[in-house]
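Presented below is the structure to which this report refers.
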Amino acid sequence: MTTRVTITGTGTPIPTPDRAGPGVLVEVDTRLEGTVRLQFDAGRNTVMRLHGAGTSPGGLDALFLTHHHSDHLVGVDDLLLTRWVMDREQELPPFPVVVPAGPCVRFVDGLTDRWSEDLAVRAEHAGRASGPRVVVVGFDYPASPTEVWRSGDVRVLAGQVRHEPVHPAVGYRVETPDGVVVVSGDTLVCDEMAELSVRADVLVYEAMRFSEILPLPAHRRFIADYHADTVEIGRQAADLRVPTLVLTHLIPPPTSDEDEAAFVADVRSGGYEGEVVVARDLTAVTVG
């Protein structure tokens, strides 16, 4: 069996030409169920990156959202609508969208309202009886990492993270026969992330170089209030003995090999000695 982790977007709310919005694709090749494909968050251009990763919205088994910041959600409509538009040969089953209870539920529930006129025209023109079929799987904010989805030997747990004032915000832990993948979402480095990441094989962590952000004017440095410092990430990953650390949602976005090396140097200064991957869009690593 093989578990692959592909970063479908390494960007932030500030657009750049080479970085899609936040997203992580986890694919697990299973003996009985074929390949299970799970997408975590869907920022801008996620659909294009999925095709670049060799799949499509119709190839996904579920979508998981970490929180309701726009940069993590703006690609959701595109993903769900494109899945339906492409569904021509046979009707796909309802698509699970797994989210913490609250704003994310209302956001996904509002899809057919936001696009009702477009969907009506497309359905009538194509002779289709219904629009996109989405099942919103909402879960209460978990006191500790809690299972929220399972398919055979693949299960996903959600755990608290610290992204206040955004609430709720969660990270996800994907457990497969090959090992464990953890996706942080947006968060401070915190005890909750450590609990979610125990015995992780691959830890996908949002990353901000505080040394570059804190000297900025107050109206720009406020973002350090709720993101993860690269040095602290290194310290936590070292304590957890995580073999592979993947940095994404990169702030400030690196534009050169030297910029990427600075992210690595920060992590090393925190004491981490494992593999560090400063992700670019479609960077992939394998578990097991």
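Each chain of the structure tokens is named A, B, ... in the order shown, its residues numbered from 1; ligands are numbered from 1 in display order.
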Please return as a ChimeraX atom specification: the residues of range 39-205 of chain A that backbone DSSP assigns to alpha helix (DSSP H). /A:46-52,76-86,103-109,111-114,116-126,191-196
Shell of 6 Å around Val181 in chain A, only C-alpha atoms, local chain residues under 5 positions omitted, as number ranges by chain: A: 173-174, 200, 202-203
Output N, CA and C atoms for every residue in the selection just made, as a PDB file, in the first residue's frame.
ATOM      1  N   ARG A 173      -6.024  14.552  11.168  1.00  0.00           N
ATOM      2  CA  ARG A 173      -5.075  13.448  11.279  1.00  0.00           C
ATOM      3  C   ARG A 173      -5.602  12.292  10.430  1.00  0.00           C
ATOM      4  N   VAL A 174      -4.843  11.886   9.415  1.00  0.00           N
ATOM      5  CA  VAL A 174      -5.242  10.805   8.526  1.00  0.00           C
ATOM      6  C   VAL A 174      -4.420   9.575   8.885  1.00  0.00           C
ATOM      7  N   ALA A 200       3.063  11.022  14.234  1.00  0.00           N
ATOM      8  CA  ALA A 200       2.840  11.342  12.821  1.00  0.00           C
ATOM      9  C   ALA A 200       4.088  11.000  12.007  1.00  0.00           C
ATOM     10  N   VAL A 202       4.169  12.155   8.563  1.00  0.00           N
ATOM     11  CA  VAL A 202       4.284  13.383   7.774  1.00  0.00           C
ATOM     12  C   VAL A 202       3.433  14.451   8.447  1.00  0.00           C
ATOM     13  N   LEU A 203       4.029  15.581   8.757  1.00  0.00           N
ATOM     14  CA  LEU A 203       3.324  16.691   9.382  1.00  0.00           C
ATOM     15  C   LEU A 203       3.335  17.871   8.421  1.00  0.00           C
TER      16      LEU A 203
END
Please determine, counting only C-alpha atoms, which residue among A:Trp149, A:Trp84, A:Phe263, A:Tyr172 has the shortest atom-to-atom distance to Gly131 in chain A. A:Trp84
List every residue of range 168-192 of chain A that has an atom at most 12 Å from any atom of range 101-111 of chain A, and for each one report the closest atom pair and its distance in Å to one decimal, counting only C-alpha atoms, with rows sorted by chain and then by increasing residue number, as a tab-separated table.
residue	atom	partner	partner_atom	distance
A:Pro168	CA	A:Gly102	CA	7.4
A:Ala169	CA	A:Cys104	CA	9.9
A:Val170	CA	A:Ala101	CA	10.8
Restrict the selected residues to C-alpha atoms and save them as a PDB file, in the first residue's frame.
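Final file, again_8.pdb:
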ATOM      1  CA  PRO A 168     -13.980  26.830  15.264  1.00  0.00           C
ATOM      2  CA  ALA A 169     -10.733  25.848  13.582  1.00  0.00           C
ATOM      3  CA  VAL A 170      -9.422  22.299  13.345  1.00  0.00           C
TER       4      VAL A 170
END
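CA of Pro57 in chain A sits 18.0 Å away from CA of Glu33 in chain A.
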